[in-house]
Structure formats: C-alpha cells, structure tokens
Amino acid sequence: MNKTLLSLAIACSLNAAGLATSFAADSFLIRHVRVFDGEKILKDKNVLIADGKIRDLDFKGKPSADTHIVEGQGRTLLPGLIDAHVHAFQDLDLPLLFGVTTQIDMFNNVKLVASINEKMRKGENHDQADLISAGTLATAPGGHGTEYGMPIPTLTKPEEAQAWVDARIAEGSHFIKIVLEHGNEQHPFNSLDAATVKALVKAAHLRHKLAVVHIGNLEEAKDAMDAGADALVHLFAGKQISDQDMRALVKSARDRHAFIIPTSSVLESIAGVKEDDILNDTRMTALLNKAQLQPLNSPYRARADADMLKVPNMMTAAMHAAGIPILAGTDAGNAGTQYGASLHHELASLVKAGLSPAAALASATSVPAHAFGLKDRGRIAKGYKADLLLVSGEPDQDISASRNIVEVWKDGGRVTQQREQKIQEWHA
C-alpha cells in the first residue's frame, strides 16, 4: 500500500463515506437471461427484483405495469462480484463501476471502517461497494503494517492476544488479519513469533471470528497453517518449489479446511508484470481517469520477470485440484493494481493458472461469500441482495466476457447512470 496515498486519502475517503446519496431500489424483471447463480448456469430465466432483493429466480406470471423490463437475450446475469482482498482507502465508488459490489478489506483506517459499517447498518451504502474489513491488522512492533503512517496497536507475546482481538472486535472488525512476514535482506521486518500467531488464531476463534494470515514465503505459509489459520490471504512469488514442499502445503491447507486468496494481481506487480490486458481494453480504461490509470502503469518491479509467477500459478492449480477453496482477490490499493478493474484481471489470471472460467466466476461470488460467512450475497437466489452484474456473452465460457458490462445493480438500484457519467467526466 502506497504510504503517501494512504495518508492523503483517508480524510477524502471519510468525507466520501459520509455523503448522502439519493437512491431508489427499482422493481424490474430481467427477461430470458442466462444466469450464473454463483455455482452453475441456468438457462432462459426471468429474474424478478423488488425492494432491493431477488424475489423470484424463474418468474412465470405477468409483471405489474410499473415493473421495468430488462432484456436478457444474449446476456448472462451474475451475482455482484466480490474482491476478497483489498485495502479500500480511496476511490470508494470505483469498484461498483466494474460490477464489484463487495470488497473484503484486509487492513484499513479504523475511523473509515466505522463510518462504512454505520452506513451498511442503516442500509445507506448504495453508492459504494459494501466493505467487510479486518480493520487493524495484528503485527509486531516494526512489523509489516506499521510503515504507513497510522498508529498501529502491536503485540509481542501470546498473553496479549485475547485482549488485542477483543479490542479489534469492539472497533468493528469483521474478522482478524494476522501478519507473519519477516521480509527480505533489502526490506526486513520484525514479525510475530509462532506462539503469538497461534494465540491470536485461538483468540479469534473463541470469539467466532475468522483468523486469516498474510505470509511472504513458503516457511511462513507452513507456520500459518500449523497455527490453525483459516486462510492464507496471499501466495508468494517464486521460480521453483519442490514437489514435496508443494504437496505438504496443499495437504496442510486441505486438512485444516483453509481457503486461499492467491492475489495474482499484486504478485504480478511484484514480478514487474503489468496488467496489459486491462490497460489495452477500452471496456476497462474508459472508466478510469489518468490518475487511476497511473498505478496500473507502475508495478513494484521495474523490469518484468514472469518466471517469478511460476510458483504461485502452480500452487493455485494444485490447491484448486485438491478441492481447496480459491478466492479471487487483487490486493488493490497497491502499485500495479486498481479497484474493480483488477478483479477482472484476477479472474483471467486464475483461468490462466488452471481454473475453469466458471470456477473463476465462483471464486469472485459464491466462494468468498461462503468463506466469510456472507449469507445474503454471492448467489442469485430468492431473498438475496439484488447486487447484480449483467454482461453480454457467456463469461462461464470466455472469462473476458465479464468485461462486457451492460448493467450493474447495487441493492436493486442501477449503477449504469453513474458509469455513464464517470465516462463523460473522465474523457470530457
């Protein structure tokens, strides 16, 4: 996460989070549409939406006179997309333009999280993606997470774990994010020891909260699994890994029923690989102004070394083949990424790593909703939130069709007008 951007953006983000926005949930019928319900394709459905909810997945009657009709022929209806790893400290309205209706935030300013939590509690968060946040992360003094200019309550020993977790829950954290990273010779970090990580996991579980772990290499990934973590929120860059090590990590994750967020997008940035598919796609770039395009042109590594992606791609494929849940997450907020747009790149990267297009779509809908206990989204089913994405084509066959955005709805309200307005503003 860029330190300067973070410190400058917090105040602006807090102001944006507090803006009042007019909103009206539409009553509408999406007629004769293919539906990806979060798991499988349903053909030729009539989906009825009312009062911000999905009312009927296969409506057969005659719609009322005030029901707006949306034609679905040649199109696919998806649940609103979920980016399972971001740091949402700016551009809070941007994800919706790309059909991302929920962001799982892995570290953020507590005041911003509290403000968004309150809007969500009141049902007033229609102009932004919902934010499910860890709030403050668990790290050691001088550890990763302390370098961004915000005061971070750190800890050093297992005995501090329960009080630390309880304080985060009181602040509004939805889950607990733990940092287990020692850095490298060029950028070393202090890190929590194994006993403290294990105590934090236990403390989170005692309060019925997920405990997910940031790692930077194989040994840290092993230690996180040994501590009982519910997830690894990154894989790690590398050119080679032994079959024995890969099998052992896959077995450990599977045995512990853990889920994995590979964050291919940020690992590619670390390898110096740009998201050229986004940068060369006017479906994506038309929604970004010059300042928002800049991070995509500025990966962490100046010279590309695509071989650094061999290990995470192999591990993603192996974990998916073993039945371990794979979640699409970008680590947006970091160099080389952008909110919303990078999730479409992440889907393509997961397909490149070995997931089918349908599995990649599930990794950004039903799979993260299940993993994080979000029971009202990630599926197209009766009673679920009408967070929806309508695209032309068949993204379950060609993942790039996720970018053919026709309509986006948040809680049943159209985002399309907002998309069109942004395009005009950026390119006037």
# chains A, B, ... in the order shown; residues from 1 in each chain; ligands from 1
>>> residues_around(residues="Leu29 (chain A)", least_positions_apart="4", cutoff="7 Å", atoms="only C-alpha atoms", output="PDB file with N, CA, C and O atoms, in the first residue's frame")
ATOM      1  N   ASN A  46     -36.368 -15.820 -15.994  1.00  0.00           N
ATOM      2  CA  ASN A  46     -36.972 -14.500 -15.815  1.00  0.00           C
ATOM      3  C   ASN A  46     -36.792 -14.129 -14.338  1.00  0.00           C
ATOM      4  O   ASN A  46     -37.465 -14.695 -13.471  1.00  0.00           O
ATOM      5  N   VAL A  47     -35.877 -13.211 -14.076  1.00  0.00           N
ATOM      6  CA  VAL A  47     -35.493 -12.890 -12.699  1.00  0.00           C
ATOM      7  C   VAL A  47     -36.200 -11.612 -12.260  1.00  0.00           C
ATOM      8  O   VAL A  47     -35.999 -10.545 -12.849  1.00  0.00           O
ATOM      9  N   LEU A  48     -36.990 -11.728 -11.220  1.00  0.00           N
ATOM     10  CA  LEU A  48     -37.774 -10.604 -10.718  1.00  0.00           C
ATOM     11  C   LEU A  48     -37.077  -9.987  -9.512  1.00  0.00           C
ATOM     12  O   LEU A  48     -36.723 -10.682  -8.558  1.00  0.00           O
ATOM     13  N   ILE A  49     -36.926  -8.662  -9.554  1.00  0.00           N
ATOM     14  CA  ILE A  49     -36.273  -7.913  -8.484  1.00  0.00           C
ATOM     15  C   ILE A  49     -37.263  -6.903  -7.922  1.00  0.00           C
ATOM     16  O   ILE A  49     -37.938  -6.189  -8.678  1.00  0.00           O
ATOM     17  N   THR A  67     -43.441  -2.407 -13.479  1.00  0.00           N
ATOM     18  CA  THR A  67     -42.209  -3.196 -13.475  1.00  0.00           C
ATOM     19  C   THR A  67     -41.411  -2.924 -14.736  1.00  0.00           C
ATOM     20  O   THR A  67     -41.903  -3.129 -15.852  1.00  0.00           O
ATOM     21  N   HIS A  68     -40.199  -2.469 -14.561  1.00  0.00           N
ATOM     22  CA  HIS A  68     -39.312  -2.208 -15.693  1.00  0.00           C
ATOM     23  C   HIS A  68     -38.806  -3.533 -16.261  1.00  0.00           C
ATOM     24  O   HIS A  68     -38.452  -4.447 -15.507  1.00  0.00           O
ATOM     25  N   ILE A  69     -38.767  -3.646 -17.575  1.00  0.00           N
ATOM     26  CA  ILE A  69     -38.315  -4.871 -18.244  1.00  0.00           C
ATOM     27  C   ILE A  69     -36.899  -4.671 -18.771  1.00  0.00           C
ATOM     28  O   ILE A  69     -36.614  -3.685 -19.467  1.00  0.00           O
ATOM     29  N   VAL A  70     -36.029  -5.581 -18.435  1.00  0.00           N
ATOM     30  CA  VAL A  70     -34.661  -5.598 -18.944  1.00  0.00           C
ATOM     31  C   VAL A  70     -34.515  -6.844 -19.804  1.00  0.00           C
ATOM     32  O   VAL A  70     -34.762  -7.959 -19.335  1.00  0.00           O
TER      33      VAL A  70
END
>>> select_by_dssp(residues="region 24-262 of chain A", states="strand (DSSP E)", output="VMD selection string")
chain A and resid 28 to 36 41 to 50 53 to 56 68 to 71 75 to 79 81 to 86 100 to 105 130 to 133 176 to 180 211 to 215 231 to 232 259 to 260
>>> atom_distance(atom1="CA of Ala231 (chain A)", atom2="CA of His85 (chain A)")
11.8 Å
>>> select_by_dssp(residues="region 98-325 of chain A", states="alpha helix (DSSP H)", output="NGL selection string")
:A and (110-121 or 161-171 or 194-206 or 218-226 or 243-255 or 264-270 or 276-279 or 282-285 or 290-293 or 310-321)
>>> closest_atom_pairs(of="region 7-110 of chain A", to="region 364-370 of chain A", cutoff="6 Å", atoms="only C-alpha atoms", output="CSV")
residue,atom,partner,partner_atom,distance
A:Gly38,CA,A:Ser366,CA,4.9
A:Leu81,CA,A:Ala364,CA,5.4
A:Ile82,CA,A:Ala364,CA,5.0
>>> closest_residue(among="A:Asp127, A:Asp396, A:Asp44, A:Glu425", to="Asp91 (chain A)", atoms="only C-alpha atoms")
A:Asp127
>>> residues_around(residues="Gln338 (chain A)", least_positions_apart="2", cutoff="12 Å", atoms="only C-alpha atoms", output="ChimeraX atom specification")
/A:1,83,85-92,94-95,98,100,265-266,269,274-275,278-279,284-285,287-289,291-299,329-336,340-346
>>> write_last_selection(atoms="C-alpha atoms", output="PDB file, in the first residue's frame")
ATOM      1  CA  MET A   1       0.000   0.000   0.000  1.00  0.00           C
ATOM      2  CA  ASP A  83     -12.945  -8.804  -4.363  1.00  0.00           C
ATOM      3  CA  HIS A  85      -8.501  -8.850  -0.777  1.00  0.00           C
ATOM      4  CA  VAL A  86      -8.275  -5.057  -0.984  1.00  0.00           C
ATOM      5  CA  HIS A  87      -7.135  -2.055   1.013  1.00  0.00           C
ATOM      6  CA  ALA A  88     -10.002   0.339   0.330  1.00  0.00           C
ATOM      7  CA  PHE A  89      -8.591   3.675   1.409  1.00  0.00           C
ATOM      8  CA  GLN A  90      -9.637   5.727  -1.637  1.00  0.00           C
ATOM      9  CA  ASP A  91     -11.877   5.702  -4.742  1.00  0.00           C
ATOM     10  CA  LEU A  92     -14.658   4.080  -2.744  1.00  0.00           C
ATOM     11  CA  LEU A  94     -14.872   2.974  -8.248  1.00  0.00           C
ATOM     12  CA  PRO A  95     -15.462  -0.784  -7.694  1.00  0.00           C
ATOM     13  CA  PHE A  98     -16.842  -2.599 -12.675  1.00  0.00           C
ATOM     14  CA  VAL A 100     -17.687  -5.229  -7.784  1.00  0.00           C
ATOM     15  CA  SER A 265      -2.573  -9.286  -9.425  1.00  0.00           C
ATOM     16  CA  VAL A 266      -0.201  -7.972  -6.766  1.00  0.00           C
ATOM     17  CA  SER A 269       3.208  -6.393  -9.817  1.00  0.00           C
ATOM     18  CA  LYS A 274       1.737  -5.085 -15.870  1.00  0.00           C
ATOM     19  CA  GLU A 275      -1.961  -5.778 -16.315  1.00  0.00           C
ATOM     20  CA  ILE A 278      -6.647  -4.108 -18.648  1.00  0.00           C
ATOM     21  CA  LEU A 279      -4.521  -1.275 -19.975  1.00  0.00           C
ATOM     22  CA  MET A 284     -11.898  -1.088 -18.628  1.00  0.00           C
ATOM     23  CA  THR A 285      -9.880   2.058 -19.299  1.00  0.00           C
ATOM     24  CA  LEU A 287     -13.952   4.011 -16.608  1.00  0.00           C
ATOM     25  CA  LEU A 288     -10.613   5.252 -15.268  1.00  0.00           C
ATOM     26  CA  ASN A 289      -9.194   8.761 -15.265  1.00  0.00           C
ATOM     27  CA  ALA A 291      -4.704   9.352 -12.038  1.00  0.00           C
ATOM     28  CA  GLN A 292      -6.486   5.997 -11.703  1.00  0.00           C
ATOM     29  CA  LEU A 293      -4.598   4.547 -14.663  1.00  0.00           C
ATOM     30  CA  GLN A 294      -1.245   5.517 -13.171  1.00  0.00           C
ATOM     31  CA  PRO A 295      -0.991   2.651 -10.620  1.00  0.00           C
ATOM     32  CA  LEU A 296      -1.589   0.092 -13.380  1.00  0.00           C
ATOM     33  CA  ASN A 297       1.397   1.510 -15.229  1.00  0.00           C
ATOM     34  CA  SER A 298       3.631   1.407 -12.140  1.00  0.00           C
ATOM     35  CA  PRO A 299       4.235  -2.142 -10.865  1.00  0.00           C
ATOM     36  CA  GLY A 329      -8.577 -11.101  -4.521  1.00  0.00           C
ATOM     37  CA  THR A 330      -6.403  -8.402  -6.029  1.00  0.00           C
ATOM     38  CA  ASP A 331      -4.723  -6.570  -3.112  1.00  0.00           C
ATOM     39  CA  ALA A 332      -5.985  -3.388  -4.798  1.00  0.00           C
ATOM     40  CA  GLY A 333      -4.584  -0.267  -3.224  1.00  0.00           C
ATOM     41  CA  ASN A 334      -1.086  -1.477  -4.075  1.00  0.00           C
ATOM     42  CA  ALA A 335       1.098  -0.493  -7.009  1.00  0.00           C
ATOM     43  CA  GLY A 336       0.203  -2.294 -10.219  1.00  0.00           C
ATOM     44  CA  GLY A 340     -12.652  -3.001  -9.607  1.00  0.00           C
ATOM     45  CA  ALA A 341     -10.705  -3.265 -12.854  1.00  0.00           C
ATOM     46  CA  SER A 342      -8.036  -5.566 -11.413  1.00  0.00           C
ATOM     47  CA  LEU A 343     -10.641  -8.096 -10.312  1.00  0.00           C
ATOM     48  CA  HIS A 344     -11.440  -8.771 -13.968  1.00  0.00           C
ATOM     49  CA  HIS A 345      -7.716  -9.279 -14.498  1.00  0.00           C
ATOM     50  CA  GLU A 346      -7.584 -11.559 -11.461  1.00  0.00           C
TER      51      GLU A 346
END
>>> atom_distance(atom1="CA of Ala237 (chain A)", atom2="CA of Met308 (chain A)")
5.3 Å
>>> closest_residue(among="A:Lys198, A:Asp56, A:Gly172, A:Ile270", to="Glu118 (chain A)", atoms="only C-alpha atoms")
A:Gly172
>>> residues_around(residues="Arg55 (chain A)", least_positions_apart="4", cutoff="9 Å", atoms="only C-alpha atoms", output="list in words")
Val47, Leu48, Ile49, Ala50, Asp51, Phe59, Ala381, Lys382, Gly383 and Tyr384 of chain A
>>> atom_distance(atom1="CA of Phe28 (chain A)", atom2="CA of Gly80 (chain A)")
16.6 Å
>>> residues_around(residues="Ala221 (chain A)", least_positions_apart="4", cutoff="9 Å", atoms="only C-alpha atoms", output="number ranges by chain")
A: 180, 213-217, 225-226, 232, 235-236, 249
>>> write_last_selection(atoms="N, CA, C and O atoms", output="PDB file, in the first residue's frame")
ATOM      1  N   LEU A 180       2.373 -12.459   9.271  1.00  0.00           N
ATOM      2  CA  LEU A 180       3.507 -13.333   9.568  1.00  0.00           C
ATOM      3  C   LEU A 180       4.487 -13.182   8.411  1.00  0.00           C
ATOM      4  O   LEU A 180       4.450 -13.923   7.431  1.00  0.00           O
ATOM      5  N   VAL A 213      -4.221 -15.064   7.538  1.00  0.00           N
ATOM      6  CA  VAL A 213      -2.809 -14.720   7.737  1.00  0.00           C
ATOM      7  C   VAL A 213      -2.154 -14.268   6.431  1.00  0.00           C
ATOM      8  O   VAL A 213      -2.270 -14.922   5.390  1.00  0.00           O
ATOM      9  N   HIS A 214      -1.456 -13.145   6.536  1.00  0.00           N
ATOM     10  CA  HIS A 214      -0.581 -12.625   5.479  1.00  0.00           C
ATOM     11  C   HIS A 214       0.778 -13.296   5.634  1.00  0.00           C
ATOM     12  O   HIS A 214       1.358 -13.281   6.721  1.00  0.00           O
ATOM     13  N   ILE A 215       1.272 -13.868   4.547  1.00  0.00           N
ATOM     14  CA  ILE A 215       2.595 -14.514   4.560  1.00  0.00           C
ATOM     15  C   ILE A 215       3.395 -14.036   3.342  1.00  0.00           C
ATOM     16  O   ILE A 215       2.845 -13.474   2.398  1.00  0.00           O
ATOM     17  N   GLY A 216       4.704 -14.294   3.383  1.00  0.00           N
ATOM     18  CA  GLY A 216       5.555 -13.860   2.278  1.00  0.00           C
ATOM     19  C   GLY A 216       6.392 -14.940   1.652  1.00  0.00           C
ATOM     20  O   GLY A 216       7.030 -14.712   0.616  1.00  0.00           O
ATOM     21  N   ASN A 217       6.423 -16.136   2.260  1.00  0.00           N
ATOM     22  CA  ASN A 217       7.222 -17.208   1.676  1.00  0.00           C
ATOM     23  C   ASN A 217       6.686 -18.559   2.147  1.00  0.00           C
ATOM     24  O   ASN A 217       5.723 -18.631   2.923  1.00  0.00           O
ATOM     25  N   MET A 225      -0.308 -22.295   8.650  1.00  0.00           N
ATOM     26  CA  MET A 225      -1.174 -23.471   8.675  1.00  0.00           C
ATOM     27  C   MET A 225      -1.012 -24.233   9.997  1.00  0.00           C
ATOM     28  O   MET A 225      -1.988 -24.703  10.582  1.00  0.00           O
ATOM     29  N   ASP A 226       0.228 -24.337  10.468  1.00  0.00           N
ATOM     30  CA  ASP A 226       0.463 -25.033  11.736  1.00  0.00           C
ATOM     31  C   ASP A 226      -0.214 -24.315  12.901  1.00  0.00           C
ATOM     32  O   ASP A 226      -0.585 -24.944  13.906  1.00  0.00           O
ATOM     33  N   LEU A 232      -4.813 -18.382   4.012  1.00  0.00           N
ATOM     34  CA  LEU A 232      -3.673 -17.585   3.575  1.00  0.00           C
ATOM     35  C   LEU A 232      -4.232 -16.527   2.649  1.00  0.00           C
ATOM     36  O   LEU A 232      -4.915 -16.851   1.671  1.00  0.00           O
ATOM     37  N   LEU A 235      -0.557 -15.974  -1.808  1.00  0.00           N
ATOM     38  CA  LEU A 235       0.503 -16.933  -2.062  1.00  0.00           C
ATOM     39  C   LEU A 235       1.786 -16.114  -2.196  1.00  0.00           C
ATOM     40  O   LEU A 235       1.826 -14.951  -1.820  1.00  0.00           O
ATOM     41  N   PHE A 236       2.845 -16.685  -2.718  1.00  0.00           N
ATOM     42  CA  PHE A 236       4.125 -15.985  -2.738  1.00  0.00           C
ATOM     43  C   PHE A 236       4.820 -16.222  -4.065  1.00  0.00           C
ATOM     44  O   PHE A 236       4.677 -17.269  -4.698  1.00  0.00           O
ATOM     45  N   LEU A 249       2.215 -28.422   1.661  1.00  0.00           N
ATOM     46  CA  LEU A 249       1.409 -27.237   1.929  1.00  0.00           C
ATOM     47  C   LEU A 249      -0.036 -27.455   1.491  1.00  0.00           C
ATOM     48  O   LEU A 249      -0.980 -27.057   2.194  1.00  0.00           O
TER      49      LEU A 249
END
